[in-house]
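Working notes for the structure below.
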Amino acid sequence: MFFSKPKEEEVSGQLEIDLIMSMVKAVQKVVLQKFEENFKEKPKIEKKMVVQWQGKMKITRPADCVYTSVILIERPKAKDNGIIILYIPEMIAESVALACGAMRSEGMEGLLRGCGVFLSDVASMFQAYMNKLGYEELKFSQTTNFASNPNQLFDYYQSTKFQITFIKDDEKFVEFDVGIGPIKKTATPAGPQTTVL
């Protein structure tokens, strides 16, 4: 049986820049809210090829990360979804989960749920930054959370994604993969707001 994927639509360079910058700002804002800390180092940003299997995206988890959360950017009228993937090292996962409302007594289930909440918060902030730039409203799926080696395939058909790695105290804190097909701008980017007294 042959698997076919939708024809890839071209993504503009400006969208790629906006996508990366919105994601970086979103992570920085959520980390500041949850941990009251700023990253001292700039994140490492790389464009990577997507691993595909049976016409879908196969997640290749970094060796130093155990926990994974995935959100699809659902685009029913387009040929392709977008995707945001969070990878968390084992030594960071508990502090992330506790900061997102999980309790130690919940064990692995609470830990995975907490990682999913962290990703949802980042996605919401990412949406806000993309809206400020005038992009169309995005719809997000529920998070899919798992540990160790994922054997799941996702509906993301672009050939590339961006990998953004955040470092804290010379150690990897979190890593994200993010990608999307072409999306439209529906409004003029939001500028400084003027208040009339």
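So you can find residues: chains in the structure tokens are A, B, ... in the order shown, residues in each start at 1, and ligands are numbered from 1 in order.
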
Next item on the list: Enumerate, as a ChimeraX atom specification, the complete set of residues in stretch 41-159 of chain A that a backbone-based DSSP assignment places in strand (DSSP E).
Entry: /A:44-49,52-53,56-58,67-74,82-88,139-140,144-147,153-154

Please produce a file of those selected residues containing N, CA and C atoms, as an mmCIF file, in the first residue's frame.
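What landed in result_13.cif:
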```
data_model
loop_
_atom_site.group_PDB
_atom_site.id
_atom_site.type_symbol
_atom_site.label_atom_id
_atom_site.label_comp_id
_atom_site.auth_asym_id
_atom_site.auth_seq_id
_atom_site.Cartn_x
_atom_site.Cartn_y
_atom_site.Cartn_z
ATOM 1 N N LYS A 44 19.622 28.214 20.806
ATOM 2 C CA LYS A 44 20.245 27.691 19.587
ATOM 3 C C LYS A 44 19.120 27.348 18.613
ATOM 4 N N ILE A 45 19.209 27.850 17.383
ATOM 5 C CA ILE A 45 18.148 27.652 16.394
ATOM 6 C C ILE A 45 18.737 26.969 15.166
ATOM 7 N N GLU A 46 18.132 25.844 14.779
ATOM 8 C CA GLU A 46 18.592 25.107 13.602
ATOM 9 C C GLU A 46 17.407 24.692 12.742
ATOM 10 N N LYS A 47 17.598 24.737 11.428
ATOM 11 C CA LYS A 47 16.591 24.214 10.505
ATOM 12 C C LYS A 47 16.947 22.758 10.245
ATOM 13 N N LYS A 48 15.977 21.855 10.433
ATOM 14 C CA LYS A 48 16.243 20.422 10.319
ATOM 15 C C LYS A 48 15.269 19.778 9.343
ATOM 16 N N MET A 49 15.694 18.682 8.760
ATOM 17 C CA MET A 49 14.823 17.890 7.904
ATOM 18 C C MET A 49 13.865 17.069 8.786
ATOM 19 N N GLN A 52 10.158 11.244 7.898
ATOM 20 C CA GLN A 52 8.804 10.820 7.538
ATOM 21 C C GLN A 52 8.741 9.305 7.424
ATOM 22 N N TRP A 53 7.603 8.779 7.858
ATOM 23 C CA TRP A 53 7.360 7.341 7.792
ATOM 24 C C TRP A 53 5.903 7.141 7.430
ATOM 25 N N LYS A 56 3.815 10.297 7.015
ATOM 26 C CA LYS A 56 3.584 11.202 8.142
ATOM 27 C C LYS A 56 4.908 11.513 8.829
ATOM 28 N N MET A 57 4.855 12.452 9.785
ATOM 29 C CA MET A 57 6.057 12.835 10.511
ATOM 30 C C MET A 57 6.303 11.863 11.656
ATOM 31 N N LYS A 58 7.519 11.340 11.700
ATOM 32 C CA LYS A 58 7.931 10.484 12.818
ATOM 33 C C LYS A 58 8.800 11.321 13.743
ATOM 34 N N TYR A 67 10.982 13.153 28.082
ATOM 35 C CA TYR A 67 9.554 13.472 28.017
ATOM 36 C C TYR A 67 9.245 14.325 26.788
ATOM 37 N N THR A 68 8.134 13.992 26.142
ATOM 38 C CA THR A 68 7.745 14.659 24.901
ATOM 39 C C THR A 68 6.273 15.041 24.974
ATOM 40 N N SER A 69 5.965 16.248 24.538
ATOM 41 C CA SER A 69 4.573 16.696 24.395
ATOM 42 C C SER A 69 4.416 17.284 22.999
ATOM 43 N N VAL A 70 3.274 17.008 22.371
ATOM 44 C CA VAL A 70 3.032 17.455 20.997
ATOM 45 C C VAL A 70 1.692 18.165 20.910
ATOM 46 N N ILE A 71 1.681 19.289 20.195
ATOM 47 C CA ILE A 71 0.439 19.982 19.842
ATOM 48 C C ILE A 71 0.446 20.165 18.330
ATOM 49 N N LEU A 72 -0.655 19.799 17.688
ATOM 50 C CA LEU A 72 -0.814 20.107 16.269
ATOM 51 C C LEU A 72 -1.490 21.464 16.124
ATOM 52 N N ILE A 73 -1.011 22.242 15.164
ATOM 53 C CA ILE A 73 -1.696 23.478 14.778
ATOM 54 C C ILE A 73 -2.648 23.054 13.667
ATOM 55 N N GLU A 74 -3.933 22.921 14.008
ATOM 56 C CA GLU A 74 -4.909 22.341 13.085
ATOM 57 C C GLU A 74 -5.335 23.362 12.041
ATOM 58 N N GLY A 82 0.282 22.400 11.231
ATOM 59 C CA GLY A 82 1.557 22.801 11.815
ATOM 60 C C GLY A 82 1.804 21.917 13.020
ATOM 61 N N ILE A 83 2.970 22.052 13.635
ATOM 62 C CA ILE A 83 3.281 21.209 14.780
ATOM 63 C C ILE A 83 4.219 21.946 15.734
ATOM 64 N N ILE A 84 4.004 21.725 17.032
ATOM 65 C CA ILE A 84 4.928 22.197 18.063
ATOM 66 C C ILE A 84 5.225 20.994 18.963
ATOM 67 N N ILE A 85 6.494 20.683 19.113
ATOM 68 C CA ILE A 85 6.905 19.536 19.925
ATOM 69 C C ILE A 85 7.838 20.032 21.021
ATOM 70 N N LEU A 86 7.555 19.628 22.230
ATOM 71 C CA LEU A 86 8.381 19.967 23.393
ATOM 72 C C LEU A 86 9.121 18.723 23.846
ATOM 73 N N TYR A 87 10.437 18.853 24.015
ATOM 74 C CA TYR A 87 11.261 17.774 24.567
ATOM 75 C C TYR A 87 11.858 18.266 25.882
ATOM 76 N N ILE A 88 11.759 17.453 26.921
ATOM 77 C CA ILE A 88 12.254 17.861 28.233
ATOM 78 C C ILE A 88 13.212 16.807 28.782
ATOM 79 N N LYS A 139 -5.684 27.275 15.459
ATOM 80 C CA LYS A 139 -6.425 26.354 16.329
ATOM 81 C C LYS A 139 -5.473 25.231 16.730
ATOM 82 N N PHE A 140 -5.416 24.950 18.030
ATOM 83 C CA PHE A 140 -4.492 23.941 18.542
ATOM 84 C C PHE A 140 -5.234 22.689 18.990
ATOM 85 N N THR A 144 -0.547 15.722 23.203
ATOM 86 C CA THR A 144 -0.246 14.295 23.288
ATOM 87 C C THR A 144 1.062 14.199 24.064
ATOM 88 N N ASN A 145 1.070 13.479 25.181
ATOM 89 C CA ASN A 145 2.233 13.438 26.065
ATOM 90 C C ASN A 145 2.721 11.999 26.222
ATOM 91 N N PHE A 146 4.022 11.809 26.110
ATOM 92 C CA PHE A 146 4.562 10.467 26.284
ATOM 93 C C PHE A 146 6.014 10.538 26.730
ATOM 94 N N ALA A 147 6.503 9.417 27.247
ATOM 95 C CA ALA A 147 7.878 9.333 27.728
ATOM 96 C C ALA A 147 8.642 8.310 26.905
ATOM 97 N N LEU A 153 3.020 8.699 14.864
ATOM 98 C CA LEU A 153 3.166 9.479 13.642
ATOM 99 C C LEU A 153 2.185 10.640 13.692
ATOM 100 N N PHE A 154 2.582 11.776 13.128
ATOM 101 C CA PHE A 154 1.749 12.981 13.188
ATOM 102 C C PHE A 154 1.558 13.592 11.810
#
```

Nearby residues (only C-alpha atoms) at most 12 Å from A:Thr165, same-chain spacing under 3 positions excluded, as a PDB file with N, CA and C atoms, in the first residue's frame:
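Listed below is the output, out_18.pdb:
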```pdb
ATOM      1  N   ILE A  20       9.804  31.685  14.308  1.00  0.00           N
ATOM      2  CA  ILE A  20      10.898  31.477  15.258  1.00  0.00           C
ATOM      3  C   ILE A  20      10.853  32.511  16.378  1.00  0.00           C
ATOM      4  N   MET A  23       7.987  32.019  18.763  1.00  0.00           N
ATOM      5  CA  MET A  23       8.210  30.845  19.620  1.00  0.00           C
ATOM      6  C   MET A  23       9.223  31.154  20.718  1.00  0.00           C
ATOM      7  N   VAL A  24      10.316  31.818  20.355  1.00  0.00           N
ATOM      8  CA  VAL A  24      11.340  32.172  21.335  1.00  0.00           C
ATOM      9  C   VAL A  24      10.751  33.082  22.412  1.00  0.00           C
ATOM     10  N   VAL A  27       8.331  31.106  24.780  1.00  0.00           N
ATOM     11  CA  VAL A  27       9.015  30.270  25.777  1.00  0.00           C
ATOM     12  C   VAL A  27       9.629  31.144  26.865  1.00  0.00           C
ATOM     13  N   GLN A  28      10.276  32.223  26.462  1.00  0.00           N
ATOM     14  CA  GLN A  28      10.889  33.123  27.437  1.00  0.00           C
ATOM     15  C   GLN A  28       9.845  33.687  28.403  1.00  0.00           C
ATOM     16  N   PHE A  39      16.457  33.518  30.610  1.00  0.00           N
ATOM     17  CA  PHE A  39      17.597  32.801  30.043  1.00  0.00           C
ATOM     18  C   PHE A  39      18.731  33.790  29.818  1.00  0.00           C
ATOM     19  N   GLU A  41      21.524  32.896  28.098  1.00  0.00           N
ATOM     20  CA  GLU A  41      22.060  32.597  26.769  1.00  0.00           C
ATOM     21  C   GLU A  41      20.956  32.646  25.721  1.00  0.00           C
ATOM     22  N   LYS A  42      21.335  33.045  24.514  1.00  0.00           N
ATOM     23  CA  LYS A  42      20.385  33.018  23.406  1.00  0.00           C
ATOM     24  C   LYS A  42      20.115  31.565  23.037  1.00  0.00           C
ATOM     25  N   PRO A  43      18.889  31.254  22.607  1.00  0.00           N
ATOM     26  CA  PRO A  43      18.606  29.864  22.219  1.00  0.00           C
ATOM     27  C   PRO A  43      19.357  29.492  20.942  1.00  0.00           C
ATOM     28  N   LYS A  44      19.622  28.214  20.806  1.00  0.00           N
ATOM     29  CA  LYS A  44      20.245  27.691  19.587  1.00  0.00           C
ATOM     30  C   LYS A  44      19.120  27.348  18.613  1.00  0.00           C
ATOM     31  N   ILE A  45      19.209  27.850  17.383  1.00  0.00           N
ATOM     32  CA  ILE A  45      18.148  27.652  16.394  1.00  0.00           C
ATOM     33  C   ILE A  45      18.737  26.969  15.166  1.00  0.00           C
ATOM     34  N   GLU A  46      18.132  25.844  14.779  1.00  0.00           N
ATOM     35  CA  GLU A  46      18.592  25.107  13.602  1.00  0.00           C
ATOM     36  C   GLU A  46      17.407  24.692  12.742  1.00  0.00           C
ATOM     37  N   LYS A  47      17.598  24.737  11.428  1.00  0.00           N
ATOM     38  CA  LYS A  47      16.591  24.214  10.505  1.00  0.00           C
ATOM     39  C   LYS A  47      16.947  22.758  10.245  1.00  0.00           C
ATOM     40  N   PRO A  62      15.400  13.733  20.945  1.00  0.00           N
ATOM     41  CA  PRO A  62      16.821  13.858  21.282  1.00  0.00           C
ATOM     42  C   PRO A  62      17.201  12.851  22.366  1.00  0.00           C
ATOM     43  N   CYS A  65      16.716  13.754  26.093  1.00  0.00           N
ATOM     44  CA  CYS A  65      15.371  14.141  26.559  1.00  0.00           C
ATOM     45  C   CYS A  65      14.506  12.892  26.692  1.00  0.00           C
ATOM     46  N   ILE A  85       6.494  20.683  19.113  1.00  0.00           N
ATOM     47  CA  ILE A  85       6.905  19.536  19.925  1.00  0.00           C
ATOM     48  C   ILE A  85       7.838  20.032  21.021  1.00  0.00           C
ATOM     49  N   LEU A  86       7.555  19.628  22.230  1.00  0.00           N
ATOM     50  CA  LEU A  86       8.381  19.967  23.393  1.00  0.00           C
ATOM     51  C   LEU A  86       9.121  18.723  23.846  1.00  0.00           C
ATOM     52  N   TYR A  87      10.437  18.853  24.015  1.00  0.00           N
ATOM     53  CA  TYR A  87      11.261  17.774  24.567  1.00  0.00           C
ATOM     54  C   TYR A  87      11.858  18.266  25.882  1.00  0.00           C
ATOM     55  N   ILE A  88      11.759  17.453  26.921  1.00  0.00           N
ATOM     56  CA  ILE A  88      12.254  17.861  28.233  1.00  0.00           C
ATOM     57  C   ILE A  88      13.212  16.807  28.782  1.00  0.00           C
ATOM     58  N   PRO A  89      14.413  17.236  29.204  1.00  0.00           N
ATOM     59  CA  PRO A  89      15.325  16.290  29.862  1.00  0.00           C
ATOM     60  C   PRO A  89      14.729  15.794  31.177  1.00  0.00           C
ATOM     61  N   PHE A 162      11.923  23.773  12.511  1.00  0.00           N
ATOM     62  CA  PHE A 162      12.966  24.486  13.245  1.00  0.00           C
ATOM     63  C   PHE A 162      13.113  23.866  14.619  1.00  0.00           C
ATOM     64  N   LYS A 168      20.042  26.649  30.162  1.00  0.00           N
ATOM     65  CA  LYS A 168      20.018  27.330  31.451  1.00  0.00           C
ATOM     66  C   LYS A 168      21.121  26.732  32.318  1.00  0.00           C
ATOM     67  N   ASP A 170      24.227  26.343  31.679  1.00  0.00           N
ATOM     68  CA  ASP A 170      25.071  25.485  30.827  1.00  0.00           C
ATOM     69  C   ASP A 170      24.488  24.096  30.576  1.00  0.00           C
ATOM     70  N   GLU A 171      23.204  23.898  30.859  1.00  0.00           N
ATOM     71  CA  GLU A 171      22.540  22.617  30.596  1.00  0.00           C
ATOM     72  C   GLU A 171      21.308  22.861  29.729  1.00  0.00           C
ATOM     73  N   LYS A 172      20.962  21.849  28.936  1.00  0.00           N
ATOM     74  CA  LYS A 172      19.731  21.978  28.141  1.00  0.00           C
ATOM     75  C   LYS A 172      18.547  22.062  29.089  1.00  0.00           C
ATOM     76  N   PHE A 173      17.709  23.079  28.912  1.00  0.00           N
ATOM     77  CA  PHE A 173      16.513  23.237  29.735  1.00  0.00           C
ATOM     78  C   PHE A 173      15.329  22.602  29.021  1.00  0.00           C
ATOM     79  N   VAL A 174      14.999  23.091  27.865  1.00  0.00           N
ATOM     80  CA  VAL A 174      13.955  22.491  27.029  1.00  0.00           C
ATOM     81  C   VAL A 174      14.348  22.656  25.571  1.00  0.00           C
ATOM     82  N   GLU A 175      13.743  21.826  24.725  1.00  0.00           N
ATOM     83  CA  GLU A 175      13.973  21.923  23.285  1.00  0.00           C
ATOM     84  C   GLU A 175      12.620  21.836  22.594  1.00  0.00           C
ATOM     85  N   PHE A 176      12.458  22.616  21.552  1.00  0.00           N
ATOM     86  CA  PHE A 176      11.214  22.631  20.791  1.00  0.00           C
ATOM     87  C   PHE A 176      11.499  22.376  19.324  1.00  0.00           C
ATOM     88  N   ASP A 177      10.594  21.640  18.672  1.00  0.00           N
ATOM     89  CA  ASP A 177      10.518  21.618  17.214  1.00  0.00           C
ATOM     90  C   ASP A 177       9.259  22.384  16.857  1.00  0.00           C
ATOM     91  N   VAL A 178       9.338  23.231  15.841  1.00  0.00           N
ATOM     92  CA  VAL A 178       8.157  23.971  15.405  1.00  0.00           C
ATOM     93  C   VAL A 178       8.182  24.094  13.887  1.00  0.00           C
TER      94      VAL A 178
END
```

Checklist line | Long-range neighbours of A:Arg104 as a ChimeraX atom specification, 12 Å cut-off, only C-alpha atoms, 4 positions minimum in chain | finding: /A:93-100,108-114

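Considering only C-alpha atoms, the residue among A:Ile183, A:Ile92, A:Ile164, A:Val117 positioned nearest to A:Met130 is A:Ile183.
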
Next item on the list: Rounded to one decimal place, report the atom CA of A:Gln163-atom CA of A:Ser141 distance in Å.
Entry: 20.2 Å

Note to self: Among chain A, which ones does DSSP assign to helix (DSSP H, G or I) (computed from the backbone)? Answer as a count of residues only.
What the structure shows: 62

Note to self: Can you tell me which residues surround A:Glu137 at a distance of at most 9 Å, considering only C-alpha atoms, apart from same-chain residues fewer than 4 positions away, and format the answer as a list in words?
What the structure shows: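 Result of the neighbour search: Gln127, Met130, Asn131 and Thr186 of chain A.
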
Emit the selected residues as a PDB file, in the first residue's frame, including C-alpha atoms.
```pdb
ATOM      1  CA  GLN A 127      -0.620  32.460  19.376  1.00  0.00           C
ATOM      2  CA  MET A 130       1.567  35.637  15.997  1.00  0.00           C
ATOM      3  CA  ASN A 131      -1.713  37.574  16.338  1.00  0.00           C
ATOM      4  CA  THR A 186      -5.464  38.890   8.127  1.00  0.00           C
TER       5      THR A 186
END
```

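The spacing separating atom CA of A:Ile17 from atom CA of A:Lys34 amounts to 25.8 Å.
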
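Counting from atom CA of A:Gly179, the distance to atom CA of A:Phe35 is 26.3 Å.
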
Next item on the list: May I have the residues within 8 Å of A:Tyr129 as a list in words, using only C-alpha atoms and disregarding those fewer than 6 positions away in the same chain?
Entry: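 Counting only C-alpha atoms, the residues come to Ser22, Lys25 and Ala26 of chain A.
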
For N, CA and C atoms, I'd like the residues from the last selection saved as a short mmCIF file (atom, residue, chain, number, x, y, z; two decimals), in the first residue's frame.
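Result file out21.cif:
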```
data_model
loop_
_atom_site.label_atom_id
_atom_site.label_comp_id
_atom_site.auth_asym_id
_atom_site.auth_seq_id
_atom_site.Cartn_x
_atom_site.Cartn_y
_atom_site.Cartn_z
N SER A 22 8.40 34.41 17.43
CA SER A 22 7.21 34.26 18.28
C SER A 22 7.38 33.10 19.25
N LYS A 25 10.01 34.10 22.00
CA LYS A 25 9.41 35.03 22.96
C LYS A 25 8.40 34.32 23.85
N ALA A 26 7.62 33.40 23.26
CA ALA A 26 6.61 32.67 24.03
C ALA A 26 7.26 31.83 25.13
#
```

Margin query: Considering only C-alpha atoms, can you say which of A:Val122, A:Leu138, A:Ala78, A:Leu133 comes closest to A:Leu32?
Written below: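 Using only C-alpha atoms, A:Leu32 sits closest to A:Val122.
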